[in-house]
file query37.txt (compact mmCIF, C-alpha atoms and all ligand atoms)
# COMPACT_ATOMS: atom_id res chain seq x y z
CA MET A 1 -2.86 -29.44 42.22
CA LYS A 2 -0.18 -27.37 43.85
CA LYS A 3 -1.21 -24.30 41.89
CA ALA A 4 -4.87 -24.72 42.77
CA MET A 5 -3.98 -24.88 46.44
CA LEU A 6 -1.84 -21.79 46.13
CA ALA A 7 -4.68 -20.00 44.42
CA MET A 8 -7.09 -20.91 47.21
CA LEU A 9 -4.61 -19.86 49.82
CA ALA A 10 -4.01 -16.54 48.10
CA LEU A 11 -7.75 -15.95 47.90
CA ALA A 12 -8.28 -16.86 51.54
CA LEU A 13 -5.50 -14.56 52.66
CA GLY A 14 -6.69 -11.84 50.34
CA THR A 15 -3.09 -10.95 49.62
CA VAL A 16 -3.14 -11.29 45.84
CA PRO A 17 -5.91 -11.30 43.31
CA ALA A 18 -7.15 -14.73 42.26
CA LEU A 19 -4.56 -16.46 40.07
CA ALA A 20 -5.99 -16.82 36.60
CA GLN A 21 -6.19 -20.33 35.27
CA ASP A 22 -3.27 -21.60 33.21
CA VAL A 23 -3.82 -21.33 29.48
CA THR A 24 -2.28 -23.57 26.83
CA ILE A 25 -2.02 -22.21 23.32
CA ARG A 26 -1.64 -24.50 20.33
CA PHE A 27 0.35 -22.61 17.71
CA GLY A 28 0.60 -24.19 14.25
CA TYR A 29 2.75 -23.41 11.22
CA GLY A 30 3.37 -24.96 7.83
CA LEU A 31 7.14 -24.99 7.38
CA ASN A 32 9.46 -27.33 9.25
CA GLU A 33 11.15 -26.59 12.55
CA GLU A 34 14.41 -25.44 10.94
CA SER A 35 12.64 -22.67 9.05
CA THR A 36 12.35 -18.97 9.86
CA GLN A 37 8.78 -19.82 10.93
CA GLY A 38 10.17 -22.34 13.39
CA GLU A 39 12.64 -19.80 14.80
CA GLY A 40 9.89 -17.21 15.11
CA ALA A 41 7.52 -19.68 16.77
CA ARG A 42 10.06 -20.74 19.39
CA PHE A 43 10.86 -17.10 20.12
CA LEU A 44 7.17 -16.28 20.51
CA ALA A 45 6.60 -19.21 22.85
CA LYS A 46 9.50 -18.11 25.08
CA GLU A 47 8.37 -14.50 25.09
CA ILE A 48 4.81 -15.43 26.04
CA ASP A 49 6.14 -17.62 28.83
CA ARG A 50 8.44 -14.86 30.08
CA LEU A 51 5.92 -12.01 29.95
CA SER A 52 3.16 -14.06 31.56
CA GLU A 53 5.55 -15.47 34.18
CA GLY A 54 4.68 -18.98 33.08
CA ARG A 55 0.94 -18.57 33.26
CA LEU A 56 0.45 -18.74 29.49
CA LYS A 57 2.03 -21.72 27.79
CA MET A 58 2.44 -22.02 24.05
CA ASP A 59 3.04 -25.35 22.33
CA THR A 60 4.34 -25.04 18.77
CA PHE A 61 3.47 -27.48 15.97
CA GLY A 62 5.54 -27.18 12.77
CA GLY A 63 5.51 -28.98 9.45
CA GLY A 64 1.78 -28.58 8.99
CA THR A 65 1.08 -31.17 11.68
CA LEU A 66 -2.05 -29.26 12.64
CA GLY A 67 -2.99 -29.09 8.94
CA PRO A 68 -2.28 -26.84 5.97
CA ASP A 69 -2.77 -23.05 6.30
CA LEU A 70 -6.39 -23.07 5.11
CA GLN A 71 -7.38 -25.85 7.48
CA MET A 72 -5.72 -24.12 10.46
CA GLN A 73 -7.48 -20.88 9.58
CA ASN A 74 -10.79 -22.70 9.77
CA ALA A 75 -9.82 -24.38 13.03
CA LEU A 76 -9.10 -20.94 14.50
CA ILE A 77 -12.43 -19.60 13.29
CA GLY A 78 -14.22 -22.60 14.80
CA GLY A 79 -12.29 -22.30 18.07
CA ALA A 80 -10.62 -25.72 17.73
CA GLN A 81 -7.10 -24.21 17.67
CA GLU A 82 -5.82 -21.05 19.34
CA MET A 83 -3.07 -19.58 17.15
CA MET A 84 -1.08 -19.96 13.93
CA VAL A 85 1.25 -18.25 11.52
CA GLY A 86 0.71 -18.62 7.80
CA SER A 87 0.50 -16.88 4.51
CA THR A 88 -1.79 -13.88 4.03
CA ALA A 89 -2.42 -15.29 0.55
CA THR A 90 -4.78 -17.98 1.84
CA LEU A 91 -6.91 -15.35 3.62
CA VAL A 92 -8.03 -13.92 0.31
CA GLY A 93 -10.98 -16.33 0.06
CA LEU A 94 -12.22 -14.88 3.34
CA ILE A 95 -11.29 -11.24 2.81
CA PRO A 96 -10.53 -10.33 -0.82
CA ASP A 97 -8.71 -7.14 0.22
CA PHE A 98 -5.83 -9.26 1.59
CA GLY A 99 -5.00 -9.80 -2.11
CA VAL A 100 -3.30 -6.42 -1.98
CA TRP A 101 -0.15 -8.10 -0.59
CA ASP A 102 -0.11 -10.43 -3.59
CA VAL A 103 0.15 -7.65 -6.16
CA PRO A 104 3.38 -8.39 -8.04
CA PHE A 105 6.21 -5.88 -7.58
CA LEU A 106 4.26 -3.89 -4.95
CA PHE A 107 7.26 -3.41 -2.66
CA ALA A 108 10.78 -2.64 -3.87
CA ASN A 109 12.51 -3.63 -0.64
CA GLU A 110 11.95 -4.77 2.95
CA LYS A 111 11.91 -1.24 4.29
CA GLU A 112 8.85 -0.43 2.19
CA ALA A 113 7.17 -3.66 3.26
CA ASP A 114 7.75 -2.95 6.97
CA HIS A 115 6.50 0.61 6.67
CA VAL A 116 3.27 -0.29 4.87
CA LEU A 117 2.49 -3.48 6.79
CA ASP A 118 3.09 -1.96 10.23
CA GLY A 119 1.49 1.37 9.32
CA PRO A 120 -2.19 2.29 9.11
CA ALA A 121 -2.76 0.42 5.81
CA GLY A 122 -1.55 -2.93 7.13
CA GLN A 123 -3.15 -2.46 10.52
CA ALA A 124 -6.57 -1.56 9.06
CA LEU A 125 -6.52 -4.85 7.15
CA LEU A 126 -5.71 -6.76 10.34
CA GLU A 127 -8.79 -5.26 11.94
CA THR A 128 -11.06 -6.58 9.17
CA LEU A 129 -10.29 -10.10 10.42
CA ASP A 130 -12.35 -9.61 13.59
CA ALA A 131 -15.63 -9.88 11.71
CA GLN A 132 -14.44 -13.24 10.29
CA GLY A 133 -13.68 -14.84 13.62
CA LEU A 134 -9.95 -14.14 13.62
CA VAL A 135 -7.60 -11.75 15.40
CA GLY A 136 -4.70 -10.51 13.26
CA LEU A 137 -1.75 -9.74 15.53
CA VAL A 138 1.35 -8.96 13.47
CA TYR A 139 3.01 -9.60 10.13
CA TRP A 140 6.14 -11.70 9.97
CA GLU A 141 8.33 -12.00 6.91
CA ASN A 142 8.30 -14.86 4.46
CA GLY A 143 10.13 -12.67 1.96
CA PHE A 144 10.57 -11.85 -1.71
CA ARG A 145 9.59 -14.81 -3.83
CA ASN A 146 11.79 -16.49 -6.40
CA LEU A 147 11.25 -19.29 -8.89
CA THR A 148 12.58 -22.82 -8.92
CA ASN A 149 11.97 -25.59 -11.43
CA SER A 150 13.32 -28.90 -12.64
CA VAL A 151 13.01 -28.36 -16.40
CA ARG A 152 15.37 -25.60 -17.53
CA PRO A 153 17.09 -22.41 -16.43
CA ILE A 154 14.56 -19.60 -16.64
CA ALA A 155 16.30 -16.40 -17.73
CA THR A 156 13.71 -14.69 -19.91
CA ALA A 157 9.98 -14.05 -19.62
CA GLU A 158 9.44 -16.48 -22.52
CA ASP A 159 11.19 -19.27 -20.62
CA LEU A 160 8.19 -19.49 -18.32
CA ALA A 161 5.99 -20.83 -21.11
CA GLY A 162 4.46 -24.19 -20.32
CA ILE A 163 6.16 -24.62 -16.94
CA LYS A 164 3.75 -26.40 -14.60
CA LEU A 165 4.10 -24.12 -11.65
CA ARG A 166 2.64 -24.74 -8.23
CA VAL A 167 1.05 -21.57 -6.84
CA MET A 168 -0.60 -20.78 -3.52
CA GLN A 169 -4.35 -21.26 -3.28
CA ASN A 170 -5.01 -17.70 -4.29
CA PRO A 171 -6.57 -16.17 -7.43
CA VAL A 172 -3.98 -13.38 -7.81
CA PHE A 173 -1.10 -15.86 -8.07
CA LEU A 174 -3.08 -18.11 -10.37
CA ASP A 175 -4.02 -15.31 -12.77
CA THR A 176 -0.61 -13.66 -12.67
CA PHE A 177 1.27 -16.79 -13.66
CA ALA A 178 -1.34 -17.80 -16.21
CA ALA A 179 -0.75 -14.39 -17.84
CA THR A 180 2.97 -15.15 -18.18
CA GLY A 181 2.28 -18.32 -20.15
CA ALA A 182 3.16 -20.71 -17.33
CA SER A 183 0.64 -23.39 -16.29
CA PRO A 184 -0.18 -22.53 -12.67
CA ILE A 185 -1.54 -25.27 -10.41
CA PRO A 186 -2.88 -24.26 -6.95
CA LEU A 187 -1.74 -26.62 -4.21
CA ALA A 188 -1.37 -26.53 -0.42
CA PHE A 189 2.21 -26.01 0.71
CA SER A 190 2.10 -29.24 2.70
CA GLU A 191 1.75 -31.20 -0.55
CA LEU A 192 4.40 -29.31 -2.45
CA PHE A 193 7.60 -31.29 -1.81
CA THR A 194 5.98 -34.55 -2.92
CA ALA A 195 4.42 -32.89 -5.96
CA LEU A 196 7.87 -31.63 -7.00
CA GLU A 197 9.48 -34.98 -6.29
CA MET A 198 6.84 -36.89 -8.26
CA ARG A 199 7.04 -34.24 -10.99
CA THR A 200 3.32 -33.59 -10.78
CA VAL A 201 4.50 -29.99 -11.05
CA ASP A 202 7.74 -28.67 -12.57
CA GLY A 203 8.32 -25.78 -10.28
CA GLN A 204 7.22 -23.47 -7.54
CA GLU A 205 7.97 -20.01 -6.19
CA ASN A 206 8.97 -19.04 -2.64
CA PRO A 207 11.59 -16.96 -0.85
CA VAL A 208 15.11 -18.44 -0.79
CA THR A 209 14.92 -19.05 2.96
CA THR A 210 11.83 -21.22 2.49
CA ILE A 211 13.39 -22.98 -0.53
CA GLN A 212 16.39 -23.79 1.66
CA SER A 213 14.59 -24.90 4.84
CA SER A 214 12.09 -26.97 2.85
CA ARG A 215 14.98 -28.67 1.02
CA PHE A 216 13.48 -28.02 -2.40
CA PHE A 217 17.06 -28.15 -3.75
CA GLU A 218 16.77 -31.93 -3.48
CA VAL A 219 14.09 -31.96 -6.17
CA GLN A 220 14.69 -28.70 -8.09
CA LYS A 221 17.76 -27.95 -10.19
CA TYR A 222 17.14 -24.36 -11.30
CA LEU A 223 16.67 -21.24 -9.22
CA THR A 224 15.78 -17.90 -10.80
CA ILE A 225 16.05 -14.76 -8.71
CA THR A 226 12.99 -12.70 -9.62
CA ASN A 227 11.83 -11.14 -6.33
CA HIS A 228 8.45 -10.90 -8.07
CA VAL A 229 6.42 -10.31 -4.94
CA TYR A 230 6.98 -9.84 -1.21
CA SER A 231 5.09 -12.36 0.91
CA PRO A 232 4.24 -11.50 4.49
CA TRP A 233 3.16 -14.07 7.02
CA ILE A 234 0.46 -13.24 9.48
CA VAL A 235 0.17 -14.31 13.13
CA LEU A 236 -3.45 -15.11 13.87
CA ALA A 237 -5.51 -15.99 16.92
CA SER A 238 -8.97 -17.52 17.19
CA LYS A 239 -11.38 -14.70 17.99
CA SER A 240 -13.76 -16.85 20.05
CA TRP A 241 -10.80 -18.01 22.18
CA TRP A 242 -9.26 -14.52 22.35
CA ASP A 243 -12.49 -12.96 23.60
CA GLY A 244 -12.40 -15.28 26.59
CA LEU A 245 -8.94 -14.11 27.71
CA SER A 246 -8.41 -11.40 30.30
CA ALA A 247 -7.31 -8.01 29.02
CA ALA A 248 -3.96 -8.60 30.73
CA ASP A 249 -3.39 -11.87 28.89
CA GLN A 250 -4.37 -10.30 25.59
CA GLU A 251 -1.81 -7.58 26.24
CA VAL A 252 0.92 -10.13 27.01
CA ILE A 253 0.24 -11.94 23.74
CA ARG A 254 0.16 -8.69 21.77
CA GLN A 255 3.49 -7.58 23.23
CA ALA A 256 5.09 -10.96 22.63
CA ALA A 257 3.78 -10.96 19.06
CA VAL A 258 5.37 -7.58 18.33
CA ALA A 259 8.69 -8.76 19.76
CA SER A 260 8.46 -11.95 17.66
CA ARG A 261 7.81 -9.88 14.55
CA ASP A 262 11.00 -7.86 15.03
CA PHE A 263 13.01 -10.96 15.85
CA GLU A 264 11.69 -13.04 12.97
CA ARG A 265 12.27 -10.32 10.37
CA GLU A 266 15.84 -9.81 11.51
CA TYR A 267 16.45 -13.55 11.53
CA SER A 268 14.85 -13.95 8.10
CA ARG A 269 16.99 -11.19 6.58
CA ALA A 270 20.20 -12.64 7.95
CA ALA A 271 19.22 -16.12 6.70
CA SER A 272 18.18 -14.75 3.32
CA SER A 273 21.57 -13.13 2.70
CA LYS A 274 23.28 -16.52 3.04
CA ALA A 275 20.66 -18.71 1.38
CA VAL A 276 21.62 -18.28 -2.28
CA GLU A 277 25.21 -19.40 -1.65
CA ALA A 278 23.92 -22.33 0.37
CA LEU A 279 21.56 -23.33 -2.43
CA LYS A 280 24.43 -23.16 -4.94
CA ALA A 281 26.50 -25.37 -2.67
CA GLU A 282 23.60 -27.84 -2.70
CA GLY A 283 23.93 -27.98 -6.49
CA MET A 284 21.31 -25.52 -7.68
CA GLU A 285 22.04 -23.54 -10.82
CA VAL A 286 21.20 -19.90 -10.15
CA THR A 287 20.04 -17.38 -12.75
CA VAL A 288 19.36 -13.74 -11.93
CA MET A 289 16.57 -12.38 -14.11
CA THR A 290 17.60 -9.02 -15.58
CA PRO A 291 15.53 -5.89 -14.94
CA GLU A 292 14.62 -5.87 -18.67
CA GLU A 293 13.20 -9.39 -18.51
CA LEU A 294 11.44 -8.65 -15.23
CA ALA A 295 9.84 -5.63 -16.91
CA LYS A 296 8.54 -7.99 -19.60
CA VAL A 297 7.07 -10.30 -16.94
CA ALA A 298 5.48 -7.28 -15.26
CA ALA A 299 4.01 -6.16 -18.60
CA MET A 300 2.50 -9.63 -19.14
CA ALA A 301 1.00 -9.48 -15.65
CA ASP A 302 -0.19 -5.90 -16.04
CA PRO A 303 -3.81 -6.66 -17.05
CA VAL A 304 -4.08 -8.96 -14.01
CA ILE A 305 -2.57 -6.34 -11.71
CA SER A 306 -5.06 -3.73 -12.98
CA LYS A 307 -7.95 -6.16 -12.50
CA VAL A 308 -6.82 -7.07 -8.98
CA THR A 309 -6.15 -3.55 -7.79
CA GLY A 310 -9.44 -2.41 -9.38
CA ALA A 311 -11.35 -5.01 -7.38
CA LEU A 312 -9.83 -3.94 -4.04
CA SER A 313 -11.68 -1.58 -1.73
CA PRO A 314 -10.51 1.88 -2.76
CA GLU A 315 -9.73 2.73 0.91
CA VAL A 316 -7.34 -0.21 1.11
CA TRP A 317 -5.58 0.51 -2.17
CA ASN A 318 -5.35 4.25 -1.44
CA ALA A 319 -4.00 3.66 2.05
CA VAL A 320 -1.31 1.34 0.67
CA GLN A 321 -0.38 3.86 -2.01
CA ALA A 322 -0.25 6.72 0.51
CA SER A 323 1.96 4.71 2.82
CA LEU A 324 4.26 3.76 -0.07
CA ALA A 325 4.53 7.38 -1.16
CA GLU A 326 5.45 8.28 2.41
CA VAL A 327 8.29 5.77 2.71
CA ARG A 328 9.58 6.58 -0.78
CA THR A 329 9.80 10.32 -0.19
CA ALA A 330 11.37 9.77 3.22
CA ASN A 331 14.51 8.49 1.45
C1 LIG B 401 3.73 -22.25 4.65
C2 LIG B 401 3.25 -21.34 3.52
C3 LIG B 401 4.39 -20.90 2.63
C4 LIG B 401 3.92 -20.10 1.44
C5 LIG B 401 3.46 -21.03 0.36
O1 LIG B 401 2.67 -22.78 5.32
O2 LIG B 401 2.42 -21.66 0.52
O3 LIG B 401 4.15 -21.13 -0.65
O4 LIG B 401 4.96 -19.30 0.95
O5 LIG B 401 5.26 -20.13 3.40
O6 LIG B 401 2.60 -20.22 4.09
call {"tool": "encode", "arguments": {"input": "query37.txt", "output": "structure tokens", "more": "lines below"}}
Ligand code: TK8
result
Amino acid sequence: MKKAMLAMLALALGTVPALAQDVTIRFGYGLNEESTQGEGARFLAKEIDRLSEGRLKMDTFGGGTLGPDLQMQNALIGGAQEMMVGSTATLVGLIPDFGVWDVPFLFANEKEADHVLDGPAGQALLETLDAQGLVGLVYWENGFRNLTNSVRPIATAEDLAGIKLRVMQNPVFLDTFAATGASPIPLAFSELFTALEMRTVDGQENPVTTIQSSRFFEVQKYLTITNHVYSPWIVLASKSWWDGLSAADQEVIRQAAVASRDFEREYSRAASSKAVEALKAEGMEVTVMTPEELAKVAAMADPVISKVTGALSPEVWNAVQASLAEVRTAN
């Protein structure tokens, strides 16, 4: 009421351009509020508020309350929800080339991940989302994934045999773990804790920060450090909603998203360095898989990796390889 009157007054006086209407953004994410996703979401909301001087308001919804990643993606495409952060892995059904981030052992460290994701290779992939009704803004960090299970310590490649392992709803993860002799079962993240608790599955794989914030230590005894793949998260907007925003508002959101990316990665890395000790303190038994055993896992997965990379658009794969070569020679 007050704002509308101010707007009319401003128009009548001709002193300032018409005040744009207030916009409320519903931003959903799958992990709980204590997670790195939660920290990143709160930062993004504040930054959007600050940069728009209160004109754009972002409400954050954690714990999958707006639905699992796949459902939110569809809500964004249909224009029923404005924004989200989630795994790139669940975008593969929409755009197979996003499977490039799921290639096991693609990145050796965070520096390589940042360089490739934020460089031309990662940005070109973001642009392919437009044609699918989504706007890809930035990549956040979920992190290098590690294994947990409730059956036995997994120290060797052979130890994976027969472990009922929850994987993301993504063919690369399914095929990779099937190749190692595990029994992969695709499941939405929102159903994972219960599935572990009920022992519908024996184990799962996620970065240590996510294992900690999701309290998987309550239902999983064994943690194996494998760092088998780096998982980015992706901040998405609904394209139909985005197209209705002013260029100035789009710019505010883009800027805030970039700031949130830098913040969230830093936060995630600090949290990650403390997570293993915290998980031990919670009673988890930690095994570090040796490079020799990891090489065996990689060899088992090799036919899958070749199949996956062979099915990618050559431009995407070549751009990723070029970017990796760049960051590796820069050292
Ligand atoms: C959270 C998921 C999660 C991912 C998974 O919504 O599904 O295991 O690692 O972070 O995006």
call {"tool": "residues_near_ligand", "arguments": {"input": "query37.txt", "ligand": "ligand LIG 401 (chain B)", "cutoff": "9 Å", "atoms": "all atoms listed in the file", "output": "NGL selection string"}}
result
:A and (29-32 or 37 or 63-64 or 68-69 or 85-90 or 142-143 or 145 or 166-169 or 187-190 or 192 or 204-207 or 210 or 231-233)
call {"tool": "atom_distance", "arguments": {"input": "query37.txt", "atom1": "CA of Ala45 in chain A", "atom2": "CA of Asp130 in chain A"}}
result
23.2 Å
call {"tool": "residues_around", "arguments": {"input": "query37.txt", "residues": "range 280-292 of chain A", "least_positions_apart": "5", "cutoff": "6 Å", "atoms": "all atoms listed in the file", "output": "PyMOL selection string"}}
result
chain A and resi 155+221-226
call {"tool": "closest_atom_pairs", "arguments": {"input": "query37.txt", "of": "range 100-122 of chain A", "to": "range 133-139 of chain A", "cutoff": "9 Å", "atoms": "all atoms listed in the file", "output": "CSV"}}
result
residue,atom,partner,partner_atom,distance
A:Asp114,CA,A:Tyr139,CA,8.8
A:Leu117,CA,A:Tyr139,CA,7.0
A:Asp118,CA,A:Tyr139,CA,7.6
A:Gly122,CA,A:Tyr139,CA,8.6
call {"tool": "residues_around", "arguments": {"input": "query37.txt", "residues": "Ser35 in chain A", "least_positions_apart": "3", "cutoff": "12 Å", "atoms": "all atoms listed in the file", "output": "list in words"}}
result
Tyr29, Gly30, Leu31, Asn32, Gly38, Glu39, Gly40, Ala41, Arg42, Gly62, Gly63, Glu141, Asn142, Pro207, Val208, Thr209, Thr210, Ile211, Gln212, Ser213, Ser214, Arg215, Glu264, Tyr267, Ser268, Ala271, Ser272 and Ala275 of chain A
call {"tool": "residues_around", "arguments": {"input": "query37.txt", "residues": "Trp242 in chain A", "least_positions_apart": "3", "cutoff": "12 Å", "atoms": "only C-alpha atoms", "output": "ChimeraX atom specification"}}
result
/A:23,25,76-77,79,81-83,130,133-137,236-239,245-251,253-254
call {"tool": "closest_residue", "arguments": {"input": "query37.txt", "among": "A:Ala80, A:Leu91, A:Val235, A:Ala259", "to": "Thr128 in chain A", "atoms": "only C-alpha atoms"}}
result
A:Leu91
call {"tool": "atom_distance", "arguments": {"input": "query37.txt", "atom1": "CA of Ala182 in chain A", "atom2": "CA of Leu165 in chain A"}}
result
6.7 Å
call {"tool": "closest_residue", "arguments": {"input": "query37.txt", "among": "A:Phe107, A:Trp241, A:Phe263, A:Phe216", "to": "Asn149 in chain A", "atoms": "all atoms listed in the file"}}
result
A:Phe216
call {"tool": "atom_distance", "arguments": {"input": "query37.txt", "atom1": "CA of Lys296 in chain A", "atom2": "CA of Gly181 in chain A"}}
result
12.1 Å
call {"tool": "axis_aligned_box", "arguments": {"input": "query37.txt", "around": "range 138-150 of chain A", "padding_each_side": "8 Å", "output": "AutoDock Vina command-line options"}}
result
--center_x 7.3 --center_y -18.9 --center_z 0.4 --size_x 28.0 --size_y 35.9 --size_z 42.1
call {"tool": "closest_residue", "arguments": {"input": "query37.txt", "among": "A:Gly203, A:Ala179, A:Ile305, A:Ala319", "to": "Pro153 in chain A", "atoms": "all atoms listed in the file"}}
result
A:Gly203
call {"tool": "residues_around", "arguments": {"input": "query37.txt", "residues": "Glu158 in chain A", "least_positions_apart": "5", "cutoff": "9 Å", "atoms": "all atoms listed in the file", "output": "ChimeraX atom specification"}}
result
/A:180-181,293,297
call {"tool": "residues_around", "arguments": {"input": "query37.txt", "residues": "Leu66 in chain A", "least_positions_apart": "4", "cutoff": "7 Å", "atoms": "all atoms listed in the file", "output": "list in words"}}
result
Gly28, Phe61 and Met72 of chain A
call {"tool": "closest_residue", "arguments": {"input": "query37.txt", "among": "A:Thr200, A:Thr65, A:Ser306, A:Ser260", "to": "Asp175 in chain A", "atoms": "all atoms listed in the file"}}
result
A:Ser306
call {"tool": "build_atoms", "arguments": {"input": "query37.txt", "residues": "range 109-132 of chain A", "atoms": "N, CA and C atoms", "output": "short mmCIF file (atom, residue, chain, number, x, y, z; two decimals), keeping the file's coordinate frame"}}
result
data_model
loop_
_atom_site.label_atom_id
_atom_site.label_comp_id
_atom_site.auth_asym_id
_atom_site.auth_seq_id
_atom_site.Cartn_x
_atom_site.Cartn_y
_atom_site.Cartn_z
N ASN A 109 11.54 -3.12 -1.62
CA ASN A 109 12.51 -3.63 -0.64
C ASN A 109 11.80 -3.85 0.70
N GLU A 110 12.54 -4.42 1.66
CA GLU A 110 11.95 -4.77 2.95
C GLU A 110 11.51 -3.54 3.74
N LYS A 111 12.24 -2.45 3.55
CA LYS A 111 11.91 -1.24 4.29
C LYS A 111 10.50 -0.76 3.92
N GLU A 112 10.19 -0.82 2.64
CA GLU A 112 8.85 -0.43 2.19
C GLU A 112 7.80 -1.38 2.76
N ALA A 113 8.12 -2.67 2.74
CA ALA A 113 7.17 -3.66 3.26
C ALA A 113 6.88 -3.39 4.74
N ASP A 114 7.93 -3.19 5.53
CA ASP A 114 7.75 -2.95 6.97
C ASP A 114 6.88 -1.72 7.20
N HIS A 115 7.20 -0.66 6.47
CA HIS A 115 6.50 0.61 6.67
C HIS A 115 5.00 0.46 6.38
N VAL A 116 4.68 -0.19 5.27
CA VAL A 116 3.27 -0.29 4.87
C VAL A 116 2.52 -1.30 5.75
N LEU A 117 3.16 -2.44 6.02
CA LEU A 117 2.49 -3.48 6.79
C LEU A 117 2.24 -3.03 8.24
N ASP A 118 3.23 -2.36 8.82
CA ASP A 118 3.09 -1.96 10.23
C ASP A 118 2.37 -0.63 10.39
N GLY A 119 2.18 0.08 9.28
CA GLY A 119 1.49 1.37 9.32
C GLY A 119 -0.01 1.21 9.24
N PRO A 120 -0.72 2.32 9.09
CA PRO A 120 -2.19 2.29 9.11
C PRO A 120 -2.81 1.36 8.06
N ALA A 121 -2.18 1.25 6.87
CA ALA A 121 -2.76 0.42 5.81
C ALA A 121 -2.78 -1.05 6.24
N GLY A 122 -1.64 -1.53 6.71
CA GLY A 122 -1.55 -2.93 7.13
C GLY A 122 -2.38 -3.21 8.36
N GLN A 123 -2.42 -2.25 9.27
CA GLN A 123 -3.15 -2.46 10.52
C GLN A 123 -4.67 -2.46 10.28
N ALA A 124 -5.13 -1.60 9.37
CA ALA A 124 -6.57 -1.56 9.06
C ALA A 124 -7.02 -2.91 8.50
N LEU A 125 -6.16 -3.53 7.69
CA LEU A 125 -6.52 -4.85 7.15
C LEU A 125 -6.59 -5.90 8.27
N LEU A 126 -5.67 -5.81 9.22
CA LEU A 126 -5.71 -6.76 10.34
C LEU A 126 -7.05 -6.67 11.05
N GLU A 127 -7.53 -5.45 11.21
CA GLU A 127 -8.79 -5.26 11.94
C GLU A 127 -10.00 -5.87 11.22
N THR A 128 -9.93 -6.00 9.89
CA THR A 128 -11.06 -6.58 9.17
C THR A 128 -11.22 -8.07 9.48
N LEU A 129 -10.21 -8.67 10.09
CA LEU A 129 -10.29 -10.10 10.42
C LEU A 129 -11.27 -10.39 11.54
N ASP A 130 -11.46 -9.43 12.43
CA ASP A 130 -12.35 -9.61 13.59
C ASP A 130 -13.73 -10.12 13.19
N ALA A 131 -14.28 -9.52 12.15
CA ALA A 131 -15.63 -9.88 11.71
C ALA A 131 -15.67 -11.29 11.13
N GLN A 132 -14.50 -11.88 10.86
CA GLN A 132 -14.44 -13.24 10.29
C GLN A 132 -14.05 -14.28 11.32
#
